[in-house]
Each structure stands twice: as structure tokens, then as C-alpha cells.
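Coordinates from final10.pdb are shown below (PDB, C-alpha atoms).
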```
ATOM      1  CA  MET C   1     -23.406  -7.335  -6.833
ATOM      2  CA  LEU C   2     -20.621  -4.846  -6.118
ATOM      3  CA  LEU C   3     -17.170  -5.505  -7.549
ATOM      4  CA  ASP C   4     -14.006  -4.199  -5.906
ATOM      5  CA  THR C   5     -12.670  -3.821  -9.419
ATOM      6  CA  ALA C   6      -8.985  -3.084  -8.790
ATOM      7  CA  SER C   7      -8.778  -5.963  -6.319
ATOM      8  CA  LEU C   8     -10.149  -8.288  -8.997
ATOM      9  CA  TYR C   9      -8.034  -7.066 -11.910
ATOM     10  CA  PHE C  10      -4.890  -7.257  -9.758
ATOM     11  CA  ARG C  11      -5.814 -10.886  -9.005
ATOM     12  CA  ALA C  12      -6.463 -11.512 -12.689
ATOM     13  CA  TYR C  13      -3.098  -9.983 -13.587
ATOM     14  CA  PHE C  14      -1.202 -12.265 -11.225
ATOM     15  CA  GLY C  15      -3.415 -15.294 -11.893
ATOM     16  CA  VAL C  16      -3.429 -15.278 -15.702
ATOM     17  CA  PRO C  17      -0.091 -15.719 -17.534
ATOM     18  CA  ASP C  18       1.266 -12.602 -19.243
ATOM     19  CA  SER C  19       1.662 -14.735 -22.341
ATOM     20  CA  VAL C  20      -2.024 -13.855 -22.906
ATOM     21  CA  ARG C  21      -1.493 -10.996 -25.347
ATOM     22  CA  ALA C  22      -3.206  -8.819 -27.924
ATOM     23  CA  PRO C  23      -2.392  -9.235 -31.628
ATOM     24  CA  ASP C  24       0.253  -6.485 -31.302
ATOM     25  CA  GLY C  25       1.937  -8.348 -28.429
ATOM     26  CA  THR C  26       0.597  -6.178 -25.568
ATOM     27  CA  PRO C  27      -0.258  -8.239 -22.463
ATOM     28  CA  VAL C  28      -4.023  -8.359 -21.818
ATOM     29  CA  ASN C  29      -4.027 -10.939 -19.019
ATOM     30  CA  ALA C  30      -5.695  -8.553 -16.528
ATOM     31  CA  VAL C  31      -8.366  -7.536 -19.058
ATOM     32  CA  ARG C  32      -9.246 -11.063 -20.104
ATOM     33  CA  GLY C  33      -8.955 -12.390 -16.557
ATOM     34  CA  LEU C  34     -11.375  -9.733 -15.273
ATOM     35  CA  LEU C  35     -13.877 -10.502 -18.056
ATOM     36  CA  ASP C  36     -13.693 -14.199 -17.138
ATOM     37  CA  PHE C  37     -14.193 -13.296 -13.458
ATOM     38  CA  ILE C  38     -17.306 -11.271 -14.266
ATOM     39  CA  ALA C  39     -18.678 -13.972 -16.585
ATOM     40  CA  ARG C  40     -18.321 -16.610 -13.871
ATOM     41  CA  LEU C  41     -19.891 -14.358 -11.232
ATOM     42  CA  VAL C  42     -22.873 -13.571 -13.459
ATOM     43  CA  GLN C  43     -23.282 -17.230 -14.412
ATOM     44  CA  ASP C  44     -23.142 -18.497 -10.825
ATOM     45  CA  HIS C  45     -25.012 -15.738  -8.973
ATOM     46  CA  ARG C  46     -27.340 -14.106 -11.530
ATOM     47  CA  PRO C  47     -27.315 -10.591 -10.039
ATOM     48  CA  ASP C  48     -29.986  -8.133 -11.162
ATOM     49  CA  ASP C  49     -27.568  -5.244 -10.711
ATOM     50  CA  LEU C  50     -23.802  -5.213 -11.165
ATOM     51  CA  VAL C  51     -21.513  -2.293 -10.372
ATOM     52  CA  ALA C  52     -17.780  -2.150 -11.048
ATOM     53  CA  CYS C  53     -16.705   0.060  -8.124
ATOM     54  CA  TRP C  54     -13.663   2.186  -8.887
ATOM     55  CA  ASP C  55     -10.789   3.862  -7.046
ATOM     56  CA  ASP C  56     -11.015   7.488  -8.156
ATOM     57  CA  ASP C  57      -8.476   8.053  -5.383
ATOM     58  CA  TRP C  58      -6.760   4.965  -3.977
ATOM     59  CA  ARG C  59      -5.108   6.984  -1.148
ATOM     60  CA  PRO C  60      -7.438   9.845  -0.179
ATOM     61  CA  HIS C  61      -5.715  12.888   1.303
ATOM     62  CA  TRP C  62      -8.191  13.051   4.191
ATOM     63  CA  ARG C  63      -7.106   9.568   5.302
ATOM     64  CA  VAL C  64      -3.400  10.419   4.921
ATOM     65  CA  GLU C  65      -3.869  13.565   7.027
ATOM     66  CA  LEU C  66      -5.143  11.389   9.871
ATOM     67  CA  ILE C  67      -2.561   8.587   9.491
ATOM     68  CA  PRO C  68       0.405   9.702   7.305
ATOM     69  CA  SER C  69       1.670   6.113   6.902
ATOM     70  CA  TYR C  70      -1.606   5.086   5.214
ATOM     71  CA  LYS C  71      -0.575   3.148   2.066
ATOM     72  CA  ALA C  72       2.635   5.218   1.976
ATOM     73  CA  HIS C  73       4.771   2.219   0.971
ATOM     74  CA  ARG C  74       2.701   1.804  -2.213
ATOM     75  CA  VAL C  75       3.245   5.344  -3.532
ATOM     76  CA  ALA C  76       5.233   5.449  -6.778
ATOM     77  CA  GLU C  77       5.038   9.224  -7.138
ATOM     78  CA  GLU C  78       3.409  11.913  -5.000
ATOM     79  CA  SER C  79       1.166  14.482  -6.670
ATOM     80  CA  GLU C  80       0.252  17.968  -5.487
ATOM     81  CA  GLN C  81      -2.666  18.273  -7.920
ATOM     82  CA  GLY C  82      -4.463  14.953  -7.659
ATOM     83  CA  PRO C  83      -4.215  11.382  -6.376
ATOM     84  CA  ASP C  84      -0.727  10.017  -5.768
ATOM     85  CA  GLU C  85       0.439   7.519  -8.354
ATOM     86  CA  GLU C  86       0.253   3.946  -7.076
ATOM     87  CA  GLU C  87       3.101   1.512  -7.653
ATOM     88  CA  THR C  88       1.727  -0.806 -10.338
ATOM     89  CA  PRO C  89       3.426  -3.490 -12.444
ATOM     90  CA  ASP C  90       4.628  -2.029 -15.762
ATOM     91  CA  THR C  91       2.491  -4.347 -17.865
ATOM     92  CA  LEU C  92      -0.666  -3.809 -15.772
ATOM     93  CA  SER C  93      -0.932  -0.001 -15.996
ATOM     94  CA  PRO C  94      -1.619   0.069 -19.776
ATOM     95  CA  GLN C  95      -4.406  -2.495 -19.326
ATOM     96  CA  VAL C  96      -6.483  -0.330 -16.975
ATOM     97  CA  PRO C  97      -7.708   2.092 -19.705
ATOM     98  CA  VAL C  98      -8.662  -0.941 -21.811
ATOM     99  CA  ILE C  99     -10.758  -2.259 -18.904
ATOM    100  CA  VAL C 100     -12.447   1.161 -18.669
ATOM    101  CA  ASP C 101     -13.266   1.135 -22.404
ATOM    102  CA  VAL C 102     -14.550  -2.452 -22.407
ATOM    103  CA  LEU C 103     -16.833  -1.907 -19.398
ATOM    104  CA  ALA C 104     -18.218   1.238 -21.054
ATOM    105  CA  ALA C 105     -18.894  -0.536 -24.359
ATOM    106  CA  LEU C 106     -20.562  -3.420 -22.506
ATOM    107  CA  GLY C 107     -22.748  -1.037 -20.504
ATOM    108  CA  ILE C 108     -21.582  -2.310 -17.106
ATOM    109  CA  ALA C 109     -21.764   0.541 -14.605
ATOM    110  CA  ARG C 110     -18.348   1.746 -13.445
ATOM    111  CA  VAL C 111     -18.704   4.050 -10.465
ATOM    112  CA  GLY C 112     -16.180   6.094  -8.509
ATOM    113  CA  ALA C 113     -16.238   9.257  -6.415
ATOM    114  CA  PRO C 114     -13.561  12.002  -6.370
ATOM    115  CA  GLY C 115     -11.473  11.748  -3.207
ATOM    116  CA  TYR C 116     -12.761   8.289  -2.312
ATOM    117  CA  GLU C 117     -11.669   4.688  -2.709
ATOM    118  CA  ALA C 118     -13.672   1.863  -4.268
ATOM    119  CA  ASP C 119     -14.240   0.587  -0.703
ATOM    120  CA  ASP C 120     -16.125   3.808   0.036
ATOM    121  CA  VAL C 121     -18.215   3.456  -3.115
ATOM    122  CA  ILE C 122     -19.070  -0.078  -2.005
ATOM    123  CA  GLY C 123     -19.888   1.132   1.519
ATOM    124  CA  THR C 124     -22.153   3.869   0.169
ATOM    125  CA  LEU C 125     -24.006   1.602  -2.267
ATOM    126  CA  THR C 126     -24.388  -1.047   0.429
ATOM    127  CA  ALA C 127     -25.887   1.522   2.799
ATOM    128  CA  ARG C 128     -28.314   2.658   0.088
ATOM    129  CA  ALA C 129     -29.413  -0.811  -1.049
ATOM    130  CA  SER C 130     -32.843  -2.070  -0.083
ATOM    131  CA  GLY C 131     -32.229  -5.691  -1.083
ATOM    132  CA  PRO C 132     -29.471  -8.312  -0.703
ATOM    133  CA  VAL C 133     -25.903  -7.269  -1.565
ATOM    134  CA  ASP C 134     -22.983  -9.457  -2.589
ATOM    135  CA  ILE C 135     -19.594  -7.713  -2.374
ATOM    136  CA  VAL C 136     -16.854  -9.397  -4.427
ATOM    137  CA  THR C 137     -13.387  -8.478  -3.184
ATOM    138  CA  GLY C 138      -9.996  -9.872  -2.294
ATOM    139  CA  ASP C 139      -9.699  -7.179   0.411
ATOM    140  CA  ARG C 140     -10.599  -8.306   3.931
ATOM    141  CA  ASP C 141     -11.258  -4.685   4.965
ATOM    142  CA  LEU C 142     -14.727  -5.042   3.475
ATOM    143  CA  PHE C 143     -15.624  -7.794   5.948
ATOM    144  CA  GLN C 144     -16.807  -4.851   8.083
ATOM    145  CA  LEU C 145     -19.897  -4.586   5.831
ATOM    146  CA  VAL C 146     -21.118  -8.134   6.546
ATOM    147  CA  ASP C 147     -24.625  -7.991   8.035
ATOM    148  CA  ASP C 148     -26.840 -11.079   8.049
ATOM    149  CA  ALA C 149     -29.975  -9.168   9.047
ATOM    150  CA  ARG C 150     -29.656  -6.923   5.983
ATOM    151  CA  GLN C 151     -28.392  -9.754   3.718
ATOM    152  CA  ARG C 152     -24.950  -8.248   3.147
ATOM    153  CA  ARG C 153     -22.166 -10.744   2.549
ATOM    154  CA  VAL C 154     -18.670 -10.761   1.061
ATOM    155  CA  LEU C 155     -17.638 -13.231  -1.633
ATOM    156  CA  TYR C 156     -13.884 -13.542  -1.185
ATOM    157  CA  PRO C 157     -11.964 -15.265  -4.008
ATOM    158  CA  LEU C 158      -9.736 -18.076  -2.788
ATOM    159  CA  LYS C 159      -8.731 -19.332  -6.221
ATOM    160  CA  GLY C 160      -9.877 -17.367  -9.234
ATOM    161  CA  VAL C 161     -13.589 -16.815  -8.757
ATOM    162  CA  GLY C 162     -14.464 -20.457  -9.125
ATOM    163  CA  THR C 163     -13.800 -20.899  -5.416
ATOM    164  CA  LEU C 164     -15.350 -18.135  -3.342
ATOM    165  CA  GLN C 165     -15.416 -17.956   0.435
ATOM    166  CA  THR C 166     -18.911 -16.820   1.432
ATOM    167  CA  THR C 167     -18.234 -14.503   4.348
ATOM    168  CA  ASP C 168     -21.218 -14.067   6.643
ATOM    169  CA  GLU C 169     -21.505 -13.377  10.378
ATOM    170  CA  ALA C 170     -21.139 -17.054  11.314
ATOM    171  CA  TRP C 171     -17.876 -17.286   9.367
ATOM    172  CA  LEU C 172     -16.548 -14.064  10.891
ATOM    173  CA  ARG C 173     -17.373 -15.168  14.431
ATOM    174  CA  GLU C 174     -15.738 -18.553  13.906
ATOM    175  CA  LYS C 175     -12.606 -17.054  12.326
ATOM    176  CA  TYR C 176     -12.174 -13.792  14.251
ATOM    177  CA  GLY C 177     -14.739 -13.794  17.063
ATOM    178  CA  VAL C 178     -16.398 -10.594  15.775
ATOM    179  CA  ASP C 179     -19.308  -9.439  13.629
ATOM    180  CA  GLY C 180     -19.014  -7.093  10.635
ATOM    181  CA  PRO C 181     -18.628  -3.766  12.484
ATOM    182  CA  GLY C 182     -16.381  -5.524  14.999
ATOM    183  CA  TYR C 183     -14.014  -6.471  12.178
ATOM    184  CA  ALA C 184     -13.140  -2.796  11.613
ATOM    185  CA  ASP C 185     -12.251  -2.420  15.312
ATOM    186  CA  LEU C 186     -10.228  -5.638  15.167
ATOM    187  CA  ALA C 187      -8.340  -4.423  12.093
ATOM    188  CA  LEU C 188      -7.381  -1.045  13.545
ATOM    189  CA  LEU C 189      -6.248  -2.591  16.851
ATOM    190  CA  ARG C 190      -4.242  -5.321  15.111
ATOM    191  CA  GLY C 191      -2.921  -3.062  12.373
ATOM    192  CA  ASP C 192      -2.419  -3.916   8.717
ATOM    193  CA  PRO C 193       1.049  -3.587   7.151
ATOM    194  CA  SER C 194      -0.423  -3.845   3.642
ATOM    195  CA  ASP C 195      -2.307  -0.584   4.263
ATOM    196  CA  GLY C 196       0.360   1.089   6.404
ATOM    197  CA  LEU C 197      -1.795   0.921   9.547
ATOM    198  CA  PRO C 198       0.460   0.607  12.614
ATOM    199  CA  GLY C 199      -2.087  -0.858  15.005
ATOM    200  CA  VAL C 200      -1.404  -0.960  18.735
ATOM    201  CA  PRO C 201       2.077  -2.381  19.458
ATOM    202  CA  GLY C 202       1.779  -5.632  21.366
ATOM    203  CA  ILE C 203      -1.933  -6.101  20.529
ATOM    204  CA  GLY C 204      -2.214  -8.868  17.951
ATOM    205  CA  GLU C 205      -5.296 -10.371  16.368
ATOM    206  CA  LYS C 206      -6.116 -12.806  19.193
ATOM    207  CA  THR C 207      -5.681 -10.204  21.931
ATOM    208  CA  ALA C 208      -7.757  -7.704  19.957
ATOM    209  CA  ALA C 209     -10.533 -10.288  19.554
ATOM    210  CA  LYS C 210     -10.484 -11.041  23.305
ATOM    211  CA  LEU C 211     -10.641  -7.349  24.181
ATOM    212  CA  LEU C 212     -13.602  -6.844  21.850
ATOM    213  CA  ALA C 213     -15.357  -9.907  23.282
ATOM    214  CA  THR C 214     -14.878  -8.497  26.794
ATOM    215  CA  PHE C 215     -15.632  -4.817  26.224
ATOM    216  CA  GLY C 216     -17.870  -4.861  23.125
ATOM    217  CA  ASP C 217     -16.218  -2.340  20.854
ATOM    218  CA  LEU C 218     -13.374   0.156  20.642
ATOM    219  CA  ALA C 219     -15.265   2.725  22.723
ATOM    220  CA  GLY C 220     -15.779   0.100  25.433
ATOM    221  CA  ILE C 221     -12.096  -0.816  25.376
ATOM    222  CA  MET C 222     -11.000   2.819  25.733
ATOM    223  CA  ALA C 223     -13.473   3.357  28.563
ATOM    224  CA  ALA C 224     -11.868   0.355  30.292
ATOM    225  CA  VAL C 225      -8.433   1.965  29.946
ATOM    226  CA  ASP C 226      -9.710   4.812  32.160
ATOM    227  CA  ASP C 227     -11.439   2.439  34.601
ATOM    228  CA  PRO C 228      -9.011   1.117  37.238
ATOM    229  CA  GLY C 229     -11.384  -1.771  37.966
ATOM    230  CA  ALA C 230     -11.571  -2.999  34.374
ATOM    231  CA  LYS C 231     -10.006  -6.364  33.591
ATOM    232  CA  LEU C 232      -6.995  -5.231  31.601
ATOM    233  CA  THR C 233      -3.448  -6.356  32.226
ATOM    234  CA  PRO C 234      -1.051  -3.540  33.136
ATOM    235  CA  ALA C 235       0.719  -4.015  29.784
ATOM    236  CA  GLN C 236      -2.546  -3.845  27.826
ATOM    237  CA  ARG C 237      -3.654  -0.739  29.679
ATOM    238  CA  ARG C 238      -0.305   0.963  29.039
ATOM    239  CA  ARG C 239      -0.192   0.017  25.350
ATOM    240  CA  LEU C 240      -3.729   1.189  24.699
ATOM    241  CA  TYR C 241      -3.128   4.416  26.614
ATOM    242  CA  GLU C 242       0.052   5.144  24.672
ATOM    243  CA  ALA C 243      -1.795   4.482  21.396
ATOM    244  CA  ARG C 244      -4.777   6.683  22.268
ATOM    245  CA  ASP C 245      -3.925   9.370  19.665
ATOM    246  CA  TYR C 246      -3.803   6.739  16.915
ATOM    247  CA  LEU C 247      -7.001   5.090  18.184
ATOM    248  CA  ALA C 248      -8.807   8.439  18.137
ATOM    249  CA  VAL C 249      -8.351   8.826  14.362
ATOM    250  CA  ALA C 250      -8.010   5.226  13.138
ATOM    251  CA  PRO C 251     -11.773   4.492  12.997
ATOM    252  CA  LYS C 252     -12.332   7.224  10.401
ATOM    253  CA  VAL C 253      -9.487   5.809   8.303
ATOM    254  CA  VAL C 254     -10.422   2.134   8.592
ATOM    255  CA  ARG C 255     -14.200   2.326   8.383
ATOM    256  CA  VAL C 256     -15.509   2.720   4.856
ATOM    257  CA  ALA C 257     -17.590   5.776   4.043
ATOM    258  CA  ALA C 258     -21.342   5.399   3.704
ATOM    259  CA  ASP C 259     -21.886   8.829   2.174
ATOM    260  CA  ALA C 260     -19.495   9.161  -0.776
ATOM    261  CA  PRO C 261     -20.911  11.543  -3.423
ATOM    262  CA  LEU C 262     -21.784   9.225  -6.297
ATOM    263  CA  PRO C 263     -22.900  10.196  -9.813
ATOM    264  CA  GLU C 264     -26.182   9.071 -11.311
ATOM    265  CA  PHE C 265     -25.851   5.683 -13.018
ATOM    266  CA  ASP C 266     -27.802   2.636 -14.140
ATOM    267  CA  ALA C 267     -26.784  -0.387 -12.085
ATOM    268  CA  ALA C 268     -28.848  -2.917 -14.058
ATOM    269  CA  LEU C 269     -26.840  -5.752 -15.573
ATOM    270  CA  PRO C 270     -27.067  -5.106 -19.353
ATOM    271  CA  THR C 271     -28.891  -7.562 -21.560
ATOM    272  CA  GLU C 272     -26.804  -6.544 -24.573
ATOM    273  CA  PRO C 273     -23.757  -4.339 -25.196
ATOM    274  CA  ARG C 274     -24.357  -0.590 -24.985
ATOM    275  CA  ASP C 275     -22.029   0.056 -27.921
ATOM    276  CA  PRO C 276     -21.664  -3.095 -30.070
ATOM    277  CA  ALA C 277     -19.467  -1.383 -32.691
ATOM    278  CA  ALA C 278     -17.007  -0.084 -30.096
ATOM    279  CA  LEU C 279     -16.972  -3.466 -28.372
ATOM    280  CA  GLU C 280     -16.252  -5.258 -31.657
ATOM    281  CA  GLU C 281     -13.381  -2.869 -32.338
ATOM    282  CA  LEU C 282     -11.950  -3.370 -28.815
ATOM    283  CA  ALA C 283     -12.286  -7.146 -29.110
ATOM    284  CA  ALA C 284     -10.354  -7.166 -32.388
ATOM    285  CA  ARG C 285      -7.663  -4.709 -31.283
ATOM    286  CA  TRP C 286      -6.980  -6.381 -27.945
ATOM    287  CA  GLY C 287      -7.709  -9.988 -28.842
ATOM    288  CA  LEU C 288     -10.394 -10.434 -26.191
ATOM    289  CA  GLY C 289     -11.719 -13.553 -27.901
ATOM    290  CA  GLY C 290     -13.297 -16.203 -25.714
ATOM    291  CA  SER C 291     -13.216 -14.121 -22.530
ATOM    292  CA  LEU C 292     -15.561 -11.517 -23.985
ATOM    293  CA  GLN C 293     -17.751 -14.128 -25.663
ATOM    294  CA  ARG C 294     -18.180 -16.009 -22.380
ATOM    295  CA  LEU C 295     -19.373 -12.832 -20.692
ATOM    296  CA  LEU C 296     -21.756 -11.931 -23.506
ATOM    297  CA  ALA C 297     -23.174 -15.456 -23.412
ATOM    298  CA  VAL C 298     -24.255 -15.199 -19.760
ATOM    299  CA  LEU C 299     -25.915 -11.767 -19.945
ATOM    300  CA  PRO C 300     -29.638 -12.030 -19.181
ATOM    301  CA  ARG C 301     -31.917 -12.308 -22.202
TER     302      ARG C 301
END
```

Would you give me this structure, written as C-alpha cells?
Amino acid sequence: MLLDTASLYFRAYFGVPDSVRAPDGTPVNAVRGLLDFIARLVQDHRPDDLVACWDDDWRPHWRVELIPSYKAHRVAEESEQGPDEEETPDTLSPQVPVIVDVLAALGIARVGAPGYEADDVIGTLTARASGPVDIVTGDRDLFQLVDDARQRRVLYPLKGVGTLQTTDEAWLREKYGVDGPGYADLALLRGDPSDGLPGVPGIGEKTAAKLLATFGDLAGIMAAVDDPGAKLTPAQRRRLYEARDYLAVAPKVVRVAADAPLPEFDAALPTEPRDPAALEELAARWGLGGSLQRLLAVLPR
């Protein structure tokens, strides 16, 4: 089980009231919400391995070089030395180091890669895995990793994590008319304002799905643009031709990496906390109470 950790703690932050606070009054709604998410996931799905995948760089420079608008609207402060600072709610930012400390004390693997997003960590671990993989994320971009033959599916939270949409190839085909790899082509044609991806003007989701159904993939669509006999409307042909520079680089931006350089780590779900004393201290300082106890109670014995 691979967790898109930031996606889940953002959801926890907005889903759990900020009246949930530590003894000193600091909000801990994201921390406690994430612990409750993980407890429910472990209880319901019993994974052998669990990895909290991490954004070491939420806006990698190599993606920005290809598409400068990539996530540009979410930048709080640009940095010459390292990752740009992401715009984050004031009361969420201080909770992220607490999440890091709690995961470490629990012994839950937290894995990132310099210059890569959590999506790329997930893509790399999915490519490496020999058995079934469940990806837990509120980010539809990861639908591109769905693969029934290899038992890769996405569990997409609809409400908390009590209600998860199980995203497999049948669901994708019914909803979008594509398979997993086809979803990446659909996304880059359609565009995604939340990620600063412009897409092809005039090509919406339905048109993109029809083009992919007709021509197979992005390469097939672009070959059709150069084929006078291909069944494209004049407007479609013109729009795709005018967007050819964007379409040449967009796949590298949209498709998750499968070769991010990951550190050595133990993915096994812990049976007991790695550092009980540190965990006890964190629980007392931050008032983690029932959320932490619920997670500890469902760890395998």
C-alpha cells in the first residue's frame, strides 16, 4: 500500500476541525486525521507493506523547465537553492514536521527522492513491485498507474477514507473511456488548471476521449494530424497542430517517473513502534490520544 501522503494530510486538514488541538493549543487536525486515515486503511485492507510516499520536491525544476506554468499558481516563494515553497495554510505547515516525527517513531517507512514528487516515488515503487499494489491518493493523476493485469489499483477517498472509490480499468473505461496509460494522455490533452497544465485549447475531456478511442494514444493522434486522410475535423487538426510544441513535452511532465532514485528502506508494516519512548513523548506533547491508539491497535501482531 502506497500513500500519497501530502494528498491525505491535506484532506485530513480540511476534513477534521481545527478545534482538534494539542495541550498547548496548537492545531493537530492534520496529524490526527492522517493517523485515523492510516488506521482505517490498515484495518480494512491489511497490507503487508505500507509506504508513506513523500514530496521531496513538489514542483521539480525539470518539469518547470518543460512547462513553466506547472504548479506556478501554488508557489508561495521561489527558491534558487532548493524546492520552491508551496502555498500552505498557516496552521498546516507546523503540523508537517510532527507527522514526520510520528511516522519515524512508529516505524512506518517515509520515502522521498531529491528532485521528485511523491507521485514519482509511487510510480517507481509500483514499477518495482512484484505483487498487488494499492495506491491511496486524492490525486487523479495517479489513475495512470491502474493496471488490472498487474493488480495495480487506486483507492480514491470520496469521504474520509471510510468511503473509497476503487479505481480499476473497468471504472476508468466507464468514466473516461481510457485505460491507465490512456489517462495520462487524456489529462495532458484536456489540461489541468490545478497543476497549471494548459492542455490543448478547444479539446475538452470528451473530445480527448474520442480522439484516443479513434487513434489509440497521443502518438497516434499526432500522426493523424499529419495525415490528410485521417478523420479529424479542420478545427481539431488546427488546434492540435498549434499545440504541437506543448504536446511534445507534456508527456514527460504528466507521466510519473518509474526510475526515481530511492533510498534503502524497510517497507514492512511495523508490528510495534520503532521508538516507543519517542512516540510516548510525541503523543503527550501533541495530544494524539485516540488517533494514535487506534493505529497502534490495528498493527499486525

Inset, instruction - List the residues selected by the PyMOL selection byres ((chain C and resi 216) around 12) in the file shown, writing them as a count of residues only. - result: 24

Using the chain letters and numbering of this document, enumerate as a PDB file with C-alpha atoms, in the frame of the given file the residues selected by the PyMOL selection byres ((chain C and resi 64) around 12).
```
ATOM      1  CA  ASP C  57      -8.476   8.053  -5.383  1.00  0.00           C
ATOM      2  CA  TRP C  58      -6.760   4.965  -3.977  1.00  0.00           C
ATOM      3  CA  ARG C  59      -5.108   6.984  -1.148  1.00  0.00           C
ATOM      4  CA  PRO C  60      -7.438   9.845  -0.179  1.00  0.00           C
ATOM      5  CA  HIS C  61      -5.715  12.888   1.303  1.00  0.00           C
ATOM      6  CA  TRP C  62      -8.191  13.051   4.191  1.00  0.00           C
ATOM      7  CA  ARG C  63      -7.106   9.568   5.302  1.00  0.00           C
ATOM      8  CA  GLU C  65      -3.869  13.565   7.027  1.00  0.00           C
ATOM      9  CA  LEU C  66      -5.143  11.389   9.871  1.00  0.00           C
ATOM     10  CA  ILE C  67      -2.561   8.587   9.491  1.00  0.00           C
ATOM     11  CA  PRO C  68       0.405   9.702   7.305  1.00  0.00           C
ATOM     12  CA  SER C  69       1.670   6.113   6.902  1.00  0.00           C
ATOM     13  CA  TYR C  70      -1.606   5.086   5.214  1.00  0.00           C
ATOM     14  CA  LYS C  71      -0.575   3.148   2.066  1.00  0.00           C
ATOM     15  CA  ALA C  72       2.635   5.218   1.976  1.00  0.00           C
ATOM     16  CA  VAL C  75       3.245   5.344  -3.532  1.00  0.00           C
ATOM     17  CA  PRO C  83      -4.215  11.382  -6.376  1.00  0.00           C
ATOM     18  CA  ASP C  84      -0.727  10.017  -5.768  1.00  0.00           C
ATOM     19  CA  GLY C 115     -11.473  11.748  -3.207  1.00  0.00           C
ATOM     20  CA  ASP C 195      -2.307  -0.584   4.263  1.00  0.00           C
ATOM     21  CA  GLY C 196       0.360   1.089   6.404  1.00  0.00           C
ATOM     22  CA  LEU C 197      -1.795   0.921   9.547  1.00  0.00           C
ATOM     23  CA  VAL C 249      -8.351   8.826  14.362  1.00  0.00           C
ATOM     24  CA  ALA C 250      -8.010   5.226  13.138  1.00  0.00           C
ATOM     25  CA  LYS C 252     -12.332   7.224  10.401  1.00  0.00           C
ATOM     26  CA  VAL C 253      -9.487   5.809   8.303  1.00  0.00           C
ATOM     27  CA  VAL C 254     -10.422   2.134   8.592  1.00  0.00           C
TER      28      VAL C 254
END
```

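Counting from atom CA of Ala268 of chain C, the distance to atom CA of Val146 of chain C is 22.6 Å.
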
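Distance-wise, atom CA of Val102 of chain C and atom CA of Lys159 of chain C end up 24.1 Å apart.
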
Could you tell me which residues the PyMOL selection byres ((chain C and resi 142) around 12) grabs in this file, written as a PDB file with C-alpha atoms, in the coordinates of the input?
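And here's result.pdb as it stands now:
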```pdb
ATOM      1  CA  LEU C   2     -20.621  -4.846  -6.118  1.00  0.00           C
ATOM      2  CA  LEU C   3     -17.170  -5.505  -7.549  1.00  0.00           C
ATOM      3  CA  ASP C   4     -14.006  -4.199  -5.906  1.00  0.00           C
ATOM      4  CA  SER C   7      -8.778  -5.963  -6.319  1.00  0.00           C
ATOM      5  CA  GLU C 117     -11.669   4.688  -2.709  1.00  0.00           C
ATOM      6  CA  ALA C 118     -13.672   1.863  -4.268  1.00  0.00           C
ATOM      7  CA  ASP C 119     -14.240   0.587  -0.703  1.00  0.00           C
ATOM      8  CA  ASP C 120     -16.125   3.808   0.036  1.00  0.00           C
ATOM      9  CA  VAL C 121     -18.215   3.456  -3.115  1.00  0.00           C
ATOM     10  CA  ILE C 122     -19.070  -0.078  -2.005  1.00  0.00           C
ATOM     11  CA  GLY C 123     -19.888   1.132   1.519  1.00  0.00           C
ATOM     12  CA  THR C 126     -24.388  -1.047   0.429  1.00  0.00           C
ATOM     13  CA  ASP C 134     -22.983  -9.457  -2.589  1.00  0.00           C
ATOM     14  CA  ILE C 135     -19.594  -7.713  -2.374  1.00  0.00           C
ATOM     15  CA  VAL C 136     -16.854  -9.397  -4.427  1.00  0.00           C
ATOM     16  CA  THR C 137     -13.387  -8.478  -3.184  1.00  0.00           C
ATOM     17  CA  GLY C 138      -9.996  -9.872  -2.294  1.00  0.00           C
ATOM     18  CA  ASP C 139      -9.699  -7.179   0.411  1.00  0.00           C
ATOM     19  CA  ARG C 140     -10.599  -8.306   3.931  1.00  0.00           C
ATOM     20  CA  ASP C 141     -11.258  -4.685   4.965  1.00  0.00           C
ATOM     21  CA  PHE C 143     -15.624  -7.794   5.948  1.00  0.00           C
ATOM     22  CA  GLN C 144     -16.807  -4.851   8.083  1.00  0.00           C
ATOM     23  CA  LEU C 145     -19.897  -4.586   5.831  1.00  0.00           C
ATOM     24  CA  VAL C 146     -21.118  -8.134   6.546  1.00  0.00           C
ATOM     25  CA  ASP C 147     -24.625  -7.991   8.035  1.00  0.00           C
ATOM     26  CA  ARG C 152     -24.950  -8.248   3.147  1.00  0.00           C
ATOM     27  CA  ARG C 153     -22.166 -10.744   2.549  1.00  0.00           C
ATOM     28  CA  VAL C 154     -18.670 -10.761   1.061  1.00  0.00           C
ATOM     29  CA  LEU C 155     -17.638 -13.231  -1.633  1.00  0.00           C
ATOM     30  CA  TYR C 156     -13.884 -13.542  -1.185  1.00  0.00           C
ATOM     31  CA  THR C 167     -18.234 -14.503   4.348  1.00  0.00           C
ATOM     32  CA  ASP C 168     -21.218 -14.067   6.643  1.00  0.00           C
ATOM     33  CA  LEU C 172     -16.548 -14.064  10.891  1.00  0.00           C
ATOM     34  CA  ASP C 179     -19.308  -9.439  13.629  1.00  0.00           C
ATOM     35  CA  GLY C 180     -19.014  -7.093  10.635  1.00  0.00           C
ATOM     36  CA  PRO C 181     -18.628  -3.766  12.484  1.00  0.00           C
ATOM     37  CA  GLY C 182     -16.381  -5.524  14.999  1.00  0.00           C
ATOM     38  CA  TYR C 183     -14.014  -6.471  12.178  1.00  0.00           C
ATOM     39  CA  ALA C 184     -13.140  -2.796  11.613  1.00  0.00           C
ATOM     40  CA  ALA C 187      -8.340  -4.423  12.093  1.00  0.00           C
ATOM     41  CA  VAL C 254     -10.422   2.134   8.592  1.00  0.00           C
ATOM     42  CA  ARG C 255     -14.200   2.326   8.383  1.00  0.00           C
ATOM     43  CA  VAL C 256     -15.509   2.720   4.856  1.00  0.00           C
ATOM     44  CA  ALA C 257     -17.590   5.776   4.043  1.00  0.00           C
TER      45      ALA C 257
END
```

Legend entry - Expected residue set, 9 Å radius at (-30.0, -9.1, -1.8), all atoms listed in the file, as number ranges by chain: C: 1, 47, 129-134, 150-152

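Relative to atom CA of Leu299 of chain C, atom CA of Glu272 of chain C is found at 7.0 Å.
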
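Of the listed residues C:Glu80, C:Thr207, C:Glu86, C:Pro251, the one whose atoms come nearest to Leu232 of chain C is C:Thr207, with distances taken using all atoms listed in the file.
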
Inset, instruction - Find the residue from C:Ala258, C:Leu92, C:Ala284, C:Leu269 that sits nearest to Leu50 of chain C; use all atoms listed in the file when measuring. - result: C:Leu269

Legend entry - Selection: 10 Å around segment 15-18 of chain C, only C-alpha atoms, excl. self and same-chain fewer than 6 positions, as a list of chain:residue names: C:Tyr9, C:Thr26, C:Pro27, C:Val28, C:Asn29, C:Ala30, C:Val31, C:Arg32, C:Gly33, C:Leu34, C:Thr91, C:Leu92, C:Lys159, C:Gly160
